[in-house]
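Only one structure is covered here, and it is reproduced in the block below.
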Amino acid sequence: MKGAWLVLVLGAAVAVACGSSSSGSGFNPGGSSSGSSGGASGSGSGSFGSDSGTFGDGGGNGDGGHPTPTMPVTIDDCPGPVSASQASALQAGGPVDPAMKWLYPYDQTLFPGGLLAPVLQWTPQAAGNASAVYLHLHSQLFDYKGCFGPTNPADITIPQMVWVTAWNQSNGPNDPLAVELTTMSGTSVSGPIKESWTFALGSLKGVVYYNTYTSPQVGNNGAVMAIQPGASMPTPFLVIQGQSPTGPCISCHSVSSNGQMMVAQHHSYPGGLVDSDSYDLKTNPMPTATSPTSKITTDDWGFSAVYPDGSRILTDGQANQTGNVFPAAMGNNPGMEGPKASQMYDPSNGNTITFSGLSSQHAMMPSFSPDGTKIVFNDYDNGGGHTLVVMDFAASSNTFSNAKTIFHDSNNYPGWPFFTPDSTQVIFVDDSSSNFASTTNPPLNNVAQGDLYIVDIASGVAHKLDAANGDNSNGATYLPYPGRDEHLNFYPTASPVAAGGYFWLFFTSRRNYGNTQVDPNDGAASKKLWVSAINIGAQPGTDASHPAFYLPGQELASGNIRAFATLSPCKANGSSCTSGVDCCGGACNGGTCGMPMGCSGDGNKCTTTADCCSGQGLQCINGYCSMVAQ
């Protein structure tokens, strides 16, 4: 990193575990910008569904929720807050000032439904900040014209009703949303500058948990935060009162894919581990950090592989001797004590579980496959931190077998491997740092370089996730701050279920966020959560990703890493639902949880693809019928 993280040993490493102080102001991604439109009341023909802005679709069988649009919808919010003459001049357009360029979102971004509207950000024309702005959005059955007042900085937020309606009216990948922005500064009109976005015909599922450092909500300490469906700000989830950067704090954590079991580490510095804790979220969905389901004081659980149903964990092995001041050593994750071999525990009671066959005594950053039949890890003992290995796992006997190397890099360090929902591919970061973090070790005051990859398990063929990393098809960056933003991608995870025809990759990036967060010194708060759509069934050796979007709901002032998009604990039959993913019975029938009735629609339970309704192009992926975008 170009600026100091804290002090070289103690402060820099502690920032990984308990946070560091930083300047910055809070930010509500769903809030209004300095410009305003006429309210998006508009007029239109035909009916269309609504979406509350949650991670989940609105009712119906399975993924349901997304209506099938048949009639066009037009919304005209001009002249709105500007004069009629300004509106006329803006709509007529003018020569595009070379200084005026898009910063965020990126061209060709693919958005799911159920999100807060994005904040549009650009560089102003040379004549100065905009005194008026015109936004035109249109697709096959949707047309929006919005006029906005002065903006400084150059950003506006799409009105939420407009954003939801644009999604409702979309016909998916073959119906891109054209985005055109024109500004006026004095009498100078520039634009439109243009982009194209696509909507997935489904919404993200469940809750997003992540590590935060320096959140104002927790006194700038480290904590586990949660972005609940539809929230414009995160909720402090596991919090211990402490003083940054020494703690105590609780932040390093892992979660089962069904959302029912979380494990986390309680740290204090100097010293390190206080204890490791588990939290049964099905029994107590909003626990307090000081009332865990179980705890131990002898091992680190924060980066464990949690079995999909939460019944067992395999800990992150650390091969090297931890330093005296702070748990940090070459080849170890910062904050993890070592040497310490991987162990298996029952998180419901803290008891050890006997297992056999693991090819590495120190299986680093392990992760179980969503179907529970495999595990992936960095095989430190046999690869020196340069090798990823997949093994079969038999839960009935807790036996590992058939070790297979799926990736090796003699120079870099592949880390944080995570399976796709179909358990056939692994997403990971290839990191320049031996501590697998976003800063080098040693020294701990320089930003590492990291790129996201995906590897096909069967063939062993790997490929960069170019679009998610910020590269176009020619290998050049499309990021708006070239020379600053490339190769800053870390800590990948994936939602355990498909949504809208895609898998969804979550990762941490230290890239700038439009003009809202521009950090030339790569401070701790530059770490933010981003999301990219991943094509299902992409040919091995090809780029399966799409340009990423900034995850709404996280705080701008804090450093945020390692998002877990897990399912919410399932609901009993008779409860309200938006998808069969919500329901213990596996089906959402007319908005009510129950058992499958006949064939399973999108989002309802399945064992094989034969259980899914025919003629809809559905596949059974991780136990749920899922559409696959073509």
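Ordered as shown in the structure tokens, chains take letters A, B, and onward, while each chain numbers its residues from 1 and ligands are numbered from 1 in the order shown.
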Using backbone DSSP assignments, extract all helix (DSSP H, G or I) residues from region 291-439 of chain A; output them as a PyMOL selection string. chain A and resi 380-383
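Taking only C-alpha atoms, the non-local environment of Pro569 (chain A) within 12 Å (same-chain residues fewer than 2 positions away omitted) comprises Lys205, Gly206, Val207, Val255, Ser256, Ser257, Asn258, Gly259, Gln260, Met261, Met262, Asp280, Leu281, Lys282, Thr283, Asn284, Pro285, Met286, Asp309, Gly310, Thr566, Leu567, Lys571, Ala572, Val581, Asp582, Cys583 and Cys584 of chain A.
Nearest-residue note for Pro366 (chain A): choosing from A:Val447, A:Leu388, A:Ala395, A:Ile536, the minimum distance belongs to A:Leu388, counting only C-alpha atoms.
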How would you write, as a count of residues only, the set of residues in region 69-202 of chain A that DSSP gives as strand (DSSP E or B)? 59
